[in-house]
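So the structure is just underneath, and the comments pick up after that.
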Amino acid sequence: KSDGSVVTWGGSAYGGDSSLVSSDLSSNVITISTFSDFKHKGVVTIHNGAAFAAVKSDGSVVTWGHSDHGGDSRSVSSDLSSGVEEVFATKGAFAALKSDGTVIVWGDSDSGGIGAPTSNDISQIMSTHNGFLAIKSDGSASIWGEQAIFGNGHTIGSYDIILANHYAFLIQTDDELHIFPEQTSCDDSNSDEYGTSGSVICIPRTITGQITSFVSAAYARAAVSYTHLTLPTTPYV
């Protein structure tokens with residue numbers, strides 16, 4: 001509301017009941033973050049993201065909703081008491097970027113609730129359905145999130161372009177494209193050599209080429225065109 005207060009309603013398991021934090025939401029709220037993910041499968045609507053995080057004018061964060069999706073932030077409450085500039089969300093976790101360059105995460109451990117960089121040089125955060133990407137002041141980028149997709153996390157030393165859609169991160173650096181999509185099981189997700197997939201074909205995570213175009217739909221995998229693209233002579237199936 002214009003007075004900085006928040007009113008909630010709906011299913012309590014999805015953040016509709018904020019009574020436990022109502023006093024904290026009575027004033028000075030400036031932004032609210034959640035992950036909105038609605039997919040239509042026949043006549044059934046599947047929705048992920050059942051928690052909210054509100055940033056207040058004093059830099060503190062108030063959370064409510066399903067505890068498994070980040071609605072319970074008590075484990076990091078002292079870190080969220082001040083200095084938060086912005087909060088980002090995946091389907092089950094939150095990441096708070098603070099004014100001192102640190103990032104605080106909480107929520108589902110397999111959605112980015114653990115594994116964030118511990119340095120104080122984070123300048124920007126991006127999020128997808130299943131993971132986060134942190135851009136550091138030295139020009140590197142760190143990715144973490146769902147184990148099956150991102151393994152124990154990846155760091156790219158530099159980048160020219162970073163693209164993201166609902167499901168994937170694409171990082172262009174010099175003449176290499178690093179691919180981090182939602183995937184079926186191809187290989188070790190910790191590997192930088194393999195680990196991405198189409199429906200049945202696995203290709204290296206890092207390929208040679210330059211992005212010439214990028215097309216993405218809200219819930220579709222990305223379609224990317226390249227120049228000077230080099231792929232292995234034999235696909236990995």
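Following the order of the structure tokens, first chain is A, next is B, and so on, with residues numbered from 1 inside each chain and ligands from 1 in the order they appear.
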I'd like the contact shell of Gly65 in chain A - 7 Å cut-off, only C-alpha atoms, skipping same-chain residues fewer than 3 positions apart - returned as a list in words.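 My list of contacting residues is Ser12, Ala13, Tyr14, Gly15, Ala50, Ala51, Phe52 and Gly71 of chain A.
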Please provide the set of residues having any atom within 7 Å of His154 in chain A, restricted to only C-alpha atoms, with same-chain residues fewer than 6 positions apart removed, written as a ChimeraX atom specification. /A:142-144
When you look at Ala89 in chain A with a cut-off of 6 Å (counting only C-alpha atoms), what residues show up, excluding the ones that are within fewer than 2 positions of it in the same chain? I need them as a PyMOL selection string. chain A and resi 34-35+93-94
Next, write the just-selected residues to a file, as a PDB file, in the first residue's frame, keeping all heavy atoms as the atom set.
ATOM      1  N   THR A  34       9.123 -12.658  -4.637  1.00  0.00           N
ATOM      2  CA  THR A  34       8.686 -14.051  -4.605  1.00  0.00           C
ATOM      3  C   THR A  34       9.041 -14.645  -5.950  1.00  0.00           C
ATOM      4  O   THR A  34       9.516 -13.940  -6.840  1.00  0.00           O
ATOM      5  CB  THR A  34       7.185 -14.182  -4.322  1.00  0.00           C
ATOM      6  OG1 THR A  34       6.853 -15.565  -4.098  1.00  0.00           O
ATOM      7  CG2 THR A  34       6.360 -13.652  -5.492  1.00  0.00           C
ATOM      8  N   PHE A  35       8.831 -15.950  -6.101  1.00  0.00           N
ATOM      9  CA  PHE A  35       9.053 -16.574  -7.405  1.00  0.00           C
ATOM     10  C   PHE A  35       7.699 -16.980  -7.947  1.00  0.00           C
ATOM     11  O   PHE A  35       7.028 -17.845  -7.392  1.00  0.00           O
ATOM     12  CB  PHE A  35       9.969 -17.789  -7.307  1.00  0.00           C
ATOM     13  CG  PHE A  35      10.377 -18.314  -8.651  1.00  0.00           C
ATOM     14  CD1 PHE A  35      11.501 -17.808  -9.282  1.00  0.00           C
ATOM     15  CD2 PHE A  35       9.631 -19.266  -9.307  1.00  0.00           C
ATOM     16  CE1 PHE A  35      11.891 -18.261 -10.533  1.00  0.00           C
ATOM     17  CE2 PHE A  35       9.998 -19.724 -10.556  1.00  0.00           C
ATOM     18  CZ  PHE A  35      11.128 -19.227 -11.171  1.00  0.00           C
ATOM     19  N   ALA A  93      13.977 -20.649  -2.881  1.00  0.00           N
ATOM     20  CA  ALA A  93      14.987 -19.995  -2.048  1.00  0.00           C
ATOM     21  C   ALA A  93      15.085 -18.517  -2.393  1.00  0.00           C
ATOM     22  O   ALA A  93      14.604 -18.068  -3.438  1.00  0.00           O
ATOM     23  CB  ALA A  93      16.348 -20.671  -2.227  1.00  0.00           C
ATOM     24  N   PHE A  94      15.731 -17.780  -1.490  1.00  0.00           N
ATOM     25  CA  PHE A  94      15.957 -16.353  -1.687  1.00  0.00           C
ATOM     26  C   PHE A  94      17.442 -16.032  -1.559  1.00  0.00           C
ATOM     27  O   PHE A  94      18.182 -16.720  -0.849  1.00  0.00           O
ATOM     28  CB  PHE A  94      15.196 -15.528  -0.650  1.00  0.00           C
ATOM     29  CG  PHE A  94      13.706 -15.580  -0.779  1.00  0.00           C
ATOM     30  CD1 PHE A  94      12.956 -16.443   0.012  1.00  0.00           C
ATOM     31  CD2 PHE A  94      13.039 -14.764  -1.691  1.00  0.00           C
ATOM     32  CE1 PHE A  94      11.573 -16.494  -0.098  1.00  0.00           C
ATOM     33  CE2 PHE A  94      11.661 -14.808  -1.808  1.00  0.00           C
ATOM     34  CZ  PHE A  94      10.929 -15.680  -1.011  1.00  0.00           C
TER      35      PHE A  94
END
Can you check which parts of range 48-75 of chain A lie within 12 Å of range 112-116 of chain A? Per residue, the shortest pair of atoms and distance in Å to one decimal, counting only C-alpha atoms, sorted by chain and number, as a Markdown table.
| residue | atom | partner | partner_atom | distance |
| --- | --- | --- | --- | --- |
| A:Ser67 | CA | A:Gly113 | CA | 11.8 |
| A:Asp68 | CA | A:Gly113 | CA | 9.9 |
| A:His69 | CA | A:Gly113 | CA | 9.0 |
| A:Gly70 | CA | A:Gly113 | CA | 8.0 |
| A:Gly71 | CA | A:Gly113 | CA | 11.7 |
| A:Asp72 | CA | A:Gly113 | CA | 11.6 |
| A:Ser73 | CA | A:Gly113 | CA | 10.5 |
| A:Ser75 | CA | A:Gly113 | CA | 11.3 |
Which residues, written as a tab-separated table (two decimals) with all heavy atoms, in the first residue's frame, have at least one atom at most 10 Å from Asp58 in chain A, with only C-alpha atoms counted and residues fewer than 6 positions away on the same chain left out?
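The result, stored in around_35.tsv:
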chain	number	residue	atom	x	y	z
A	28	ASN	N	6.63	0.89	6.10
A	28	ASN	CA	8.01	1.01	5.59
A	28	ASN	C	8.46	-0.12	4.68
A	28	ASN	O	9.67	-0.28	4.45
A	28	ASN	CB	9.00	1.14	6.76
A	28	ASN	CG	8.74	2.38	7.59
A	28	ASN	OD1	8.41	3.44	7.06
A	28	ASN	ND2	8.86	2.24	8.90
A	29	VAL	N	7.55	-0.90	4.12
A	29	VAL	CA	7.94	-1.91	3.13
A	29	VAL	C	8.11	-1.22	1.78
A	29	VAL	O	7.24	-0.46	1.33
A	29	VAL	CB	6.88	-3.03	3.03
A	29	VAL	CG1	7.20	-3.96	1.85
A	29	VAL	CG2	6.82	-3.81	4.34
A	30	ILE	N	9.24	-1.49	1.11
A	30	ILE	CA	9.48	-0.83	-0.18
A	30	ILE	C	9.43	-1.80	-1.36
A	30	ILE	O	9.04	-1.41	-2.46
A	30	ILE	CB	10.82	-0.06	-0.18
A	30	ILE	CG1	11.97	-0.98	0.23
A	30	ILE	CG2	10.73	1.13	0.75
A	30	ILE	CD1	13.33	-0.29	0.17
A	81	SER	N	18.98	-8.19	9.15
A	81	SER	CA	18.43	-7.11	10.00
A	81	SER	C	18.74	-5.72	9.47
A	81	SER	O	18.11	-4.74	9.87
A	81	SER	CB	18.97	-7.25	11.43
A	81	SER	OG	20.39	-7.11	11.44
A	82	SER	N	19.71	-5.63	8.54
A	82	SER	CA	20.06	-4.32	7.98
A	82	SER	C	20.92	-4.50	6.74
A	82	SER	O	21.49	-5.57	6.50
A	82	SER	CB	20.84	-3.47	9.01
A	82	SER	OG	22.08	-4.09	9.32
A	83	GLY	N	21.01	-3.45	5.93
A	83	GLY	CA	21.94	-3.42	4.81
A	83	GLY	C	21.52	-4.15	3.56
A	83	GLY	O	22.28	-4.20	2.59
A	84	VAL	N	20.31	-4.69	3.51
A	84	VAL	CA	19.86	-5.41	2.31
A	84	VAL	C	19.36	-4.40	1.28
A	84	VAL	O	18.53	-3.54	1.58
A	84	VAL	CB	18.75	-6.42	2.66
A	84	VAL	CG1	18.19	-7.05	1.38
A	84	VAL	CG2	19.29	-7.50	3.58
A	85	GLU	N	19.87	-4.52	0.06
A	85	GLU	CA	19.46	-3.63	-1.02
A	85	GLU	C	18.40	-4.25	-1.92
A	85	GLU	O	17.52	-3.56	-2.41
A	85	GLU	CB	20.67	-3.23	-1.85
A	85	GLU	CG	21.67	-2.39	-1.08
A	85	GLU	CD	22.81	-1.90	-1.94
A	85	GLU	OE1	23.07	-2.53	-3.00
A	85	GLU	OE2	23.41	-0.87	-1.59
Take CA of Ile162 in chain A and CA of Lys136 in chain A and report the distance between them in Å, one decimal.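 Value for the CA of Ile162 in chain A-CA of Lys136 in chain A distance: 12.9 Å.
Using only C-alpha atoms, the smallest distance between any of A:Val55, A:Leu20, A:Ala134, A:Val76 and Gly101 in chain A comes from A:Ala134.
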Just checking: using only C-alpha atoms, which residue out of A:Ser5, A:Thr63, A:Thr90, A:Thr206 ends up closest to His166 in chain A?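 Using only C-alpha atoms, His166 in chain A sits closest to A:Thr90.
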Which of range 38-166 of chain A DSSP labels strand (DSSP E or B), written as number ranges by chain: A: 38-41, 44-48, 51-56, 61-65, 84-89, 93-98, 103-107, 122-127, 131-136, 141-145, 154-156, 161-164
Quick one: of A:Met126, A:Thr102, A:Phe169, A:Ala141, who's nearest to Ile156 in chain A, counting only C-alpha atoms?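 Closest to Ile156 in chain A, using only C-alpha atoms: A:Ala141.
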Could you name the residues that touch range 127-130 of chain A at 6 Å or less, counting only C-alpha atoms, but leaving out those on the same chain fewer than 6 positions away, as a PDB file with all heavy atoms, in the first residue's frame?
ATOM      1  N   THR A  90      14.405 -17.916  -6.364  1.00  0.00           N
ATOM      2  CA  THR A  90      14.191 -19.066  -7.232  1.00  0.00           C
ATOM      3  C   THR A  90      12.863 -19.682  -6.816  1.00  0.00           C
ATOM      4  O   THR A  90      12.103 -19.076  -6.063  1.00  0.00           O
ATOM      5  CB  THR A  90      15.312 -20.104  -7.089  1.00  0.00           C
ATOM      6  OG1 THR A  90      15.298 -20.616  -5.741  1.00  0.00           O
ATOM      7  CG2 THR A  90      16.669 -19.490  -7.392  1.00  0.00           C
ATOM      8  N   LYS A  91      12.596 -20.909  -7.255  1.00  0.00           N
ATOM      9  CA  LYS A  91      11.329 -21.547  -6.912  1.00  0.00           C
ATOM     10  C   LYS A  91      11.227 -21.897  -5.432  1.00  0.00           C
ATOM     11  O   LYS A  91      10.125 -22.121  -4.937  1.00  0.00           O
ATOM     12  CB  LYS A  91      11.145 -22.819  -7.736  1.00  0.00           C
ATOM     13  CG  LYS A  91      12.134 -23.931  -7.401  1.00  0.00           C
ATOM     14  CD  LYS A  91      11.831 -25.190  -8.174  1.00  0.00           C
ATOM     15  CE  LYS A  91      12.808 -26.301  -7.795  1.00  0.00           C
ATOM     16  NZ  LYS A  91      12.506 -27.558  -8.510  1.00  0.00           N
ATOM     17  N   SER A 111      17.546 -25.423  -4.204  1.00  0.00           N
ATOM     18  CA  SER A 111      17.075 -24.345  -5.079  1.00  0.00           C
ATOM     19  C   SER A 111      17.933 -23.093  -4.935  1.00  0.00           C
ATOM     20  O   SER A 111      17.523 -22.016  -5.345  1.00  0.00           O
ATOM     21  CB  SER A 111      15.614 -23.995  -4.765  1.00  0.00           C
ATOM     22  OG  SER A 111      14.768 -25.093  -4.994  1.00  0.00           O
ATOM     23  N   GLY A 145      22.973 -23.639  -7.156  1.00  0.00           N
ATOM     24  CA  GLY A 145      21.554 -23.967  -7.146  1.00  0.00           C
ATOM     25  C   GLY A 145      21.330 -25.459  -7.129  1.00  0.00           C
ATOM     26  O   GLY A 145      22.044 -26.191  -6.430  1.00  0.00           O
ATOM     27  N   GLU A 146      20.361 -25.905  -7.908  1.00  0.00           N
ATOM     28  CA  GLU A 146      19.967 -27.312  -7.882  1.00  0.00           C
ATOM     29  C   GLU A 146      21.146 -28.222  -8.233  1.00  0.00           C
ATOM     30  O   GLU A 146      21.819 -28.042  -9.242  1.00  0.00           O
ATOM     31  CB  GLU A 146      18.820 -27.558  -8.858  1.00  0.00           C
ATOM     32  CG  GLU A 146      18.263 -28.968  -8.783  1.00  0.00           C
ATOM     33  CD  GLU A 146      17.019 -29.148  -9.634  1.00  0.00           C
ATOM     34  OE1 GLU A 146      16.356 -28.142  -9.950  1.00  0.00           O
ATOM     35  OE2 GLU A 146      16.722 -30.299  -9.983  1.00  0.00           O
ATOM     36  N   HIS A 166      13.885 -18.581 -17.997  1.00  0.00           N
ATOM     37  CA  HIS A 166      13.270 -19.272 -16.870  1.00  0.00           C
ATOM     38  C   HIS A 166      14.103 -20.465 -16.410  1.00  0.00           C
ATOM     39  O   HIS A 166      14.130 -20.798 -15.227  1.00  0.00           O
ATOM     40  CB  HIS A 166      11.875 -19.740 -17.297  1.00  0.00           C
ATOM     41  CG  HIS A 166      11.036 -20.301 -16.198  1.00  0.00           C
ATOM     42  ND1 HIS A 166      10.415 -19.511 -15.262  1.00  0.00           N
ATOM     43  CD2 HIS A 166      10.707 -21.584 -15.888  1.00  0.00           C
ATOM     44  CE1 HIS A 166       9.736 -20.279 -14.429  1.00  0.00           C
ATOM     45  NE2 HIS A 166       9.895 -21.530 -14.777  1.00  0.00           N
ATOM     46  N   TYR A 167      14.789 -21.119 -17.334  1.00  0.00           N
ATOM     47  CA  TYR A 167      15.448 -22.379 -17.038  1.00  0.00           C
ATOM     48  C   TYR A 167      16.969 -22.356 -17.104  1.00  0.00           C
ATOM     49  O   TYR A 167      17.596 -23.325 -16.679  1.00  0.00           O
ATOM     50  CB  TYR A 167      14.967 -23.457 -18.018  1.00  0.00           C
ATOM     51  CG  TYR A 167      13.575 -23.962 -17.753  1.00  0.00           C
ATOM     52  CD1 TYR A 167      12.523 -23.636 -18.598  1.00  0.00           C
ATOM     53  CD2 TYR A 167      13.305 -24.770 -16.661  1.00  0.00           C
ATOM     54  CE1 TYR A 167      11.243 -24.101 -18.368  1.00  0.00           C
ATOM     55  CE2 TYR A 167      12.033 -25.235 -16.421  1.00  0.00           C
ATOM     56  CZ  TYR A 167      10.998 -24.907 -17.275  1.00  0.00           C
ATOM     57  OH  TYR A 167       9.736 -25.368 -17.042  1.00  0.00           O
TER      58      TYR A 167
END
